[in-house]
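What follows is a single structure, written as C-alpha cells, with notes after it.
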Amino acid sequence: MKIKVCENGSDQKKFLAFRSRVYRDRNLYIDNHYFMLKEIFSGKLHFMKSLSFSPVMVVDDREEILCEGIIAVADSLPEYVQLCFFEALNDTREAAALLVGEAEKTGKRKGCERLVVGLYGHVNYGLGLQDSHFESANSFSSPGNPKFYNDYFRGMGFGEVKLNSYFTHSLDGRLMRYQKILEKLNREYEFRPFDKKQFEKDTKIYTDLNNRCFMDHKYYFARDPKDDAEMLKELFLFMKEDSLIFAFQNGEPAGFILWYPDYNELAKPGEALGTKHYFKNLFENKRIKTAKVMEYGVLEEYRGVGLPFALIAHVYDILSNYGVSQVESSWILADNEDSNSFCRAFCDELYKEYVVYEKDI
C-alpha cells in the first residue's frame with residue numbers, strides 16, 4: 001500500500017473512474033462533483049489559481065485504488081490544509097489513515113496549523129460530509145457519502161464541526177399571516193432577479209454581498225468576481241434568472257437569496273449530473289418537486305428589520321409558478337443561532353445532518 005500522486009491524464013481518469021466504483025452499488029447517490037473535478041484537472045478554473053492542490057491516491061500492490069482525495073491549501077486560508085473530494089472503499093481504514101497522514105505532511109510543509117476534511121476549496125463549493133439520512137437521496141450540491149467515511153475520521157482523533165439542514169413539505173401559504181409586514185418591506189426595499197444581460201455587474205454585486213455578509217463565517221475567505229462568474233455560468237445552464245434575487249434600499253445592495261430546483265431529480269442513481277440533464281430539463285419539461293434554498297445573505301445593518309423574511313417570501317412566490325411543492329435548505333452551521341432560529345420558524349422539520357472534521361497538525 002502506497003501513496004500515488006496523480007501526475008498525468010491517465011492518473012486523472014483513474015481518479016474520476018474510482019468515484020463510479022464507489023457509488024455504482026449505491027442506489028441513491030447522484031454525483032455533483034464529477035464535472036467540477038474535470039474542470040479542476042483541466043487547469044482552466046480561475047479559482048484554482050489561488051490554491052495549491054495535489055490529487056492523491058492510495059493504491060495497493062496491484063495499483064488498485066483504495067481511497068483518494070485532493071490535498072489543497074488556499075492562499076487566503078493558509079492556516080488550513082484541506083483534504084477535499086475524499087472517496088474510499090469499505091474496510092480500507094488503514095489506507096484512509098495513510099491519506100490523512102499525507103495531508104498532514106503537506107500541511108506542515110506549507111506552514112498550516114490544522115487539517116480540515118469536508119471543505120471543498122471554498123465554502124461556496126460545499127461543506128461537510130453527510131452524517132444522517134443515509135437512506136435518502138442527496139439533493140443537488142449536497143454530499144451523499146457512505147456512512148463508513150465518518151467512522152474512518154472519528155477513529156483518527158478529529159474534532160467535529162456540526163451542520164444541519166431543514167425541510168418544508170408543503171408550500172401551504174404559511175407566510176400569508178405576515179402579509180402586512182411583507183407589504184411594508186416591499187415598499188421599503190426593491191427586489192429584483194439577477195440580470196444575465198448585465199452578467200458582470202450583477203456577479204460583482206453577488207460577490208461583494210457574499211464577502212461583506214460572510215467574512216466572519218467559519219472557513220469563509222473573500223471571493224473574486226471571476227470565481228463567482230465561473231460558478232454562476234455553470235449554474236445558469238440549469239437555473240433561471242429568478243433563482244438569484246437581490247434586495248436593494250435606495251439603490252444600494254442590502255441582501256440576496258439563491259435557490260434552484262433540485263436538479264438531481266433529473267438524474268438516475270449513480271449518474272454524474274451534466275449537460276444531458278440540462279437538455280432533459282429544457283425539452284422534456286420534467287417536473288421537479290423540490291426546491292433547494294442554497295444561501296441567503298443580508299448585510300448586518302438590515303438583519304433586524306425582517307429582510308431575510310422578505311427574501312424567502314419572494315422565493316416562495318416564485319416557486320408557486322414552477323410547480324414546486326417542497327423546499328430543502330442547504331447546510332447551516334449548528335452554532336449559527338440566527339439562521340437556525342429563522343429556519344425553525346418557517347420550516348417543518350430539522351432534516352439532514354452534516355459534519356466537518358478538523359484537527360491540529
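Following the order of the C-alpha cells, first chain is A, next is B, and so on, with residues numbered from 1 inside each chain and ligands from 1 in the order they appear.
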
Identify, with DSSP run on backbone atoms, the residues in stretch 192-336 of chain A assigned to alpha helix (DSSP H), and express the list as a PyMOL selection string. chain A and resi 199-213+225-235+275-279+307-319

Can you build me a table of stretch 258-333 of chain A residues sitting at most 12 Å from stretch 173-196 of chain A, with the closest atom pair per residue and its distance in Å to one decimal, using only C-alpha atoms, sorted by chain and residue number, as a Markdown table?
```
| residue | atom | partner | partner_atom | distance |
| --- | --- | --- | --- | --- |
| A:Leu258 | CA | A:Phe194 | CA | 9.9 |
| A:Trp259 | CA | A:Pro193 | CA | 11.4 |
| A:Tyr302 | CA | A:Tyr189 | CA | 10.7 |
| A:Val305 | CA | A:Leu185 | CA | 8.4 |
| A:Gly306 | CA | A:Leu185 | CA | 7.6 |
| A:Leu307 | CA | A:Leu185 | CA | 7.2 |
| A:Pro308 | CA | A:Leu185 | CA | 10.4 |
| A:Phe309 | CA | A:Leu182 | CA | 8.2 |
| A:Ala310 | CA | A:Leu182 | CA | 6.1 |
| A:Leu311 | CA | A:Phe191 | CA | 8.1 |
| A:Ile312 | CA | A:Leu175 | CA | 9.5 |
| A:Ala313 | CA | A:Leu175 | CA | 7.0 |
| A:His314 | CA | A:Phe191 | CA | 8.3 |
| A:Val315 | CA | A:Pro193 | CA | 10.4 |
| A:Tyr316 | CA | A:Leu175 | CA | 8.8 |
| A:Asp317 | CA | A:Gly173 | CA | 9.5 |
| A:Ile318 | CA | A:Pro193 | CA | 10.8 |
| A:Leu319 | CA | A:Gly173 | CA | 11.7 |
| A:Ser320 | CA | A:Gly173 | CA | 10.2 |
| A:Ser325 | CA | A:Gly173 | CA | 11.5 |
```

Given the selection you just returned, output its residues as a file containing C-alpha atoms, formatted as a PDB file, in the first residue's frame.
```pdb
ATOM      1  CA  LEU A 258     -30.007  31.958  -4.066  1.00  0.00           C
ATOM      2  CA  TRP A 259     -32.203  28.953  -4.753  1.00  0.00           C
ATOM      3  CA  TYR A 302     -30.561  45.121   7.655  1.00  0.00           C
ATOM      4  CA  VAL A 305     -35.745  44.604  10.027  1.00  0.00           C
ATOM      5  CA  GLY A 306     -37.148  41.390   8.538  1.00  0.00           C
ATOM      6  CA  LEU A 307     -35.267  41.417   5.235  1.00  0.00           C
ATOM      7  CA  PRO A 308     -34.415  37.656   5.339  1.00  0.00           C
ATOM      8  CA  PHE A 309     -38.131  37.001   5.765  1.00  0.00           C
ATOM      9  CA  ALA A 310     -38.975  39.169   2.749  1.00  0.00           C
ATOM     10  CA  LEU A 311     -36.379  37.371   0.609  1.00  0.00           C
ATOM     11  CA  ILE A 312     -37.739  33.899   1.408  1.00  0.00           C
ATOM     12  CA  ALA A 313     -41.280  35.174   0.770  1.00  0.00           C
ATOM     13  CA  HIS A 314     -40.213  36.259  -2.718  1.00  0.00           C
ATOM     14  CA  VAL A 315     -38.778  32.807  -3.345  1.00  0.00           C
ATOM     15  CA  TYR A 316     -41.991  31.135  -2.194  1.00  0.00           C
ATOM     16  CA  ASP A 317     -43.983  33.312  -4.596  1.00  0.00           C
ATOM     17  CA  ILE A 318     -41.682  32.264  -7.440  1.00  0.00           C
ATOM     18  CA  LEU A 319     -41.875  28.567  -6.544  1.00  0.00           C
ATOM     19  CA  SER A 320     -45.629  28.554  -6.996  1.00  0.00           C
ATOM     20  CA  SER A 325     -44.244  21.507  -3.707  1.00  0.00           C
TER      21      SER A 325
END
```

Strand (DSSP E or B) positions in stretch 101-199 of chain A, given as a ChimeraX atom specification: /A:114-117,119,127,129-130,159-168,190-193

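The closest residue to A:Asp91, picked from A:Cys67, A:His277, A:Val117, A:Lys13 and counting only C-alpha atoms, is A:Cys67.
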
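By only C-alpha atoms, and with residues fewer than 3 positions from A:Met294 along its chain excluded, the set lying at most 10 Å from it is Asn124, Phe140, Ser141, Ser142, Ser243, Leu244, Ile257, Leu258, Trp259, Tyr260, Ala291, Glu328, Ser329, Ser330, Trp331 and Ile332 of chain A.
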
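With only C-alpha atoms as the atoms that count, the minimum distance from A:Lys292 to the choices A:Glu337, A:Tyr166, A:Leu232, A:Phe256 is reached by A:Tyr166.
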
Stretch 49-55 of chain A surroundings by only C-alpha atoms, 8 Å radius, close-in-sequence under 6 positions cut, as a PyMOL selection string: chain A and resi 5-6+68-76+121

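If you measure from each of A:Ala272, A:Cys112, A:Ile65, A:Cys213 to A:Gly255 using only C-alpha atoms, the closest one turns out to be A:Cys213.
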